[in-house]
Amino acid sequence: MLTPMAQMFCSKCGSANADGAAFCANCGNPLTASSTPPAGGPAAPSVPEFSFGSIPAGQASFEPAKAISNGINLVKSPANFMRQNAGANVPVNKTILGYTVILAAIPFVATLIGDLWYRPASLFITNYTEYAVALAIGTYVLDVIAVFVIGMIIWKLAPSFATVATQEKATLLAAFVYTPIFLVGIFDIIPPLGVIGVLGLLYGLYILYIGLPIMLSAPKDKVLVYFIVILVVAFVVYAVIGVILGVIAAAFYFTHIATLQLPG
């Protein structure tokens with residue numbers, strides 16, 4: 001007679017896990033040795049999951065050397081990755097300096113290389129190299145700032161949607177949202193392929209939607225409205241970023257015009 005496999009039940013969400021598991025496969029909560037299911041039975045996962053491969057079990061190490069691998073693992077299986085790291089308390093400066101600035105360097109380098117070799121024939125700027133470098137640096141800095149600002153937005157809006165969030169977790173979620181955008185930025189090395197960035201944006205929005213209940217435990221009936229309000233505020237942020245980048249471009253254009261010599 002076969003002996004049934006022992007199971008461990010999560011004290012937070014009630015999900016059944018294999019005997020000996022350290023973390024709940026559903027919510028990432030540390031498990032105890034108790035094998036008694038909680039009253040009401042196991043809870044079903046509350047969000048859909050798209051997975052493009054398996055990721056290592058347990059919490060990720062948010063060190064700079066692990067930034068790229070963490071980003072890839074997140075994109076491969078976002079719900080699973082966030083569940084495993086929902087309990088991580090990563091300081092804001094570590095999220096920005098040890099994760100965001102590294103991933104944001106991907107589109108920075110790709111855009112700079114792409115702009116330098118694929119100069120539009122219609123763009124008559126004598127100091128084009130300086131223009132490309134300044135624009136790439138400006139975009140890089142503003143991308144990093146945007147992650148911090150979006151994290152602030154998520155954090156400050158949380159009480160309005162019955163969500164208890166810390167700035168640390170909100171900033172980490174914002175960094176996760178930007179991860180696919182940064183990763184697909186590699187295609188900017190060939191400027192015509194830059195449109196692929198739209199896919200990264202859409203995937204980032206998906207991560208935001210499923211991340212609100214996973215990372216911040218946002219109530220299920222509040223998630224959609226919370227998500228929409230974040231998008232509206234983020235749109236304003238991006239409008240400001242667009243204006244700043246436009247000012248940079250205009251500054252170089254008018255500098256170019258001023259250097260032109262009128263025929264005698």
# chains A, B, ... in the order shown; residues from 1 in each chain; ligands from 1
$ residues_around --residues "region 157-174 of chain A" --least-positions-apart "3" --cutoff "7 Å" --atoms "only C-alpha atoms" --output "list in words"
Asn89, Val90, Pro91, Val92, Thr95, Val147, Phe148, Ile150, Gly151, Met152, Ile153, Ile154, Val177, Tyr178, Gly211, Met215, Leu216, Ser217, Ala218, Pro219, Lys222 and Tyr226 of chain A
$ atom_distance --atom1 "CA of Thr111 (chain A)" --atom2 "CA of Ile228 (chain A)"
29.8 Å
$ atom_distance --atom1 "CA of Val109 (chain A)" --atom2 "CA of Leu208 (chain A)"
25.8 Å
$ atom_distance --atom1 "CA of Cys10 (chain A)" --atom2 "CA of Gly87 (chain A)"
13.7 Å
$ residues_around --residues "Gly114 (chain A)" --least-positions-apart "6" --cutoff "12 Å" --atoms "only C-alpha atoms" --output "PyMOL selection string"
chain A and resi 107-108+120+129+132-133+136+185-194
$ closest_residue --among "A:Pro30, A:Gly197, A:Ile96, A:Thr179" --to "Ser69 (chain A)" --atoms "only C-alpha atoms"
A:Thr179
$ residues_around --residues "Ala65 (chain A)" --least-positions-apart "5" --cutoff "12 Å" --atoms "only C-alpha atoms" --output "PyMOL selection string"
chain A and resi 60+70-71+97-99+102-103
$ write_last_selection --atoms "C-alpha atoms" --output "PDB file, in the first residue's frame"
ATOM      1  CA  ALA A  60      16.400  36.017  -5.106  1.00  0.00           C
ATOM      2  CA  ASN A  70      16.940  38.342 -11.572  1.00  0.00           C
ATOM      3  CA  GLY A  71      15.414  40.372 -14.401  1.00  0.00           C
ATOM      4  CA  LEU A  97      21.493  51.239  -7.280  1.00  0.00           C
ATOM      5  CA  GLY A  98      21.799  47.453  -7.267  1.00  0.00           C
ATOM      6  CA  TYR A  99      19.062  46.593  -9.759  1.00  0.00           C
ATOM      7  CA  ILE A 102      22.130  48.129 -14.059  1.00  0.00           C
ATOM      8  CA  LEU A 103      19.107  47.078 -16.111  1.00  0.00           C
TER       9      LEU A 103
END
$ closest_residue --among "A:Val144, A:Ile230, A:Ile214, A:Ala104" --to "Phe81 (chain A)" --atoms "only C-alpha atoms"
A:Ile214
$ closest_residue --among "A:Ile196, A:Leu112, A:Ala105, A:Val149" --to "Phe235 (chain A)" --atoms "only C-alpha atoms"
A:Val149
$ decode --residues "region 215-227 of chain A" --atoms "N, CA and C atoms" --output "compact mmCIF listing (two decimals), in the first residue's frame"
# COMPACT_ATOMS: atom_id res chain seq x y z
N MET A 215 2.66 41.33 -4.40
CA MET A 215 3.70 42.05 -3.67
C MET A 215 3.14 42.90 -2.53
N LEU A 216 1.94 43.48 -2.74
CA LEU A 216 1.40 44.42 -1.76
C LEU A 216 0.14 43.91 -1.08
N SER A 217 -0.32 42.73 -1.45
CA SER A 217 -1.55 42.15 -0.88
C SER A 217 -2.75 43.08 -1.06
N ALA A 218 -2.81 43.74 -2.22
CA ALA A 218 -3.96 44.61 -2.51
C ALA A 218 -5.23 43.77 -2.60
N PRO A 219 -6.34 44.23 -2.02
CA PRO A 219 -7.60 43.48 -2.08
C PRO A 219 -8.01 43.23 -3.53
N LYS A 220 -8.52 42.05 -3.77
CA LYS A 220 -8.86 41.64 -5.13
C LYS A 220 -9.84 42.60 -5.79
N ASP A 221 -10.81 43.12 -5.03
CA ASP A 221 -11.82 44.00 -5.62
C ASP A 221 -11.30 45.43 -5.83
N LYS A 222 -10.08 45.72 -5.36
CA LYS A 222 -9.51 47.06 -5.51
C LYS A 222 -8.41 47.11 -6.58
N VAL A 223 -7.95 45.95 -7.02
CA VAL A 223 -6.77 45.89 -7.88
C VAL A 223 -6.95 46.65 -9.18
N LEU A 224 -8.07 46.46 -9.86
CA LEU A 224 -8.28 47.08 -11.17
C LEU A 224 -8.27 48.60 -11.09
N VAL A 225 -9.00 49.15 -10.13
CA VAL A 225 -9.05 50.61 -10.00
C VAL A 225 -7.69 51.15 -9.58
N TYR A 226 -7.04 50.48 -8.65
CA TYR A 226 -5.69 50.85 -8.21
C TYR A 226 -4.75 50.89 -9.41
N PHE A 227 -4.83 49.87 -10.23
CA PHE A 227 -4.00 49.75 -11.44
C PHE A 227 -4.25 50.92 -12.39
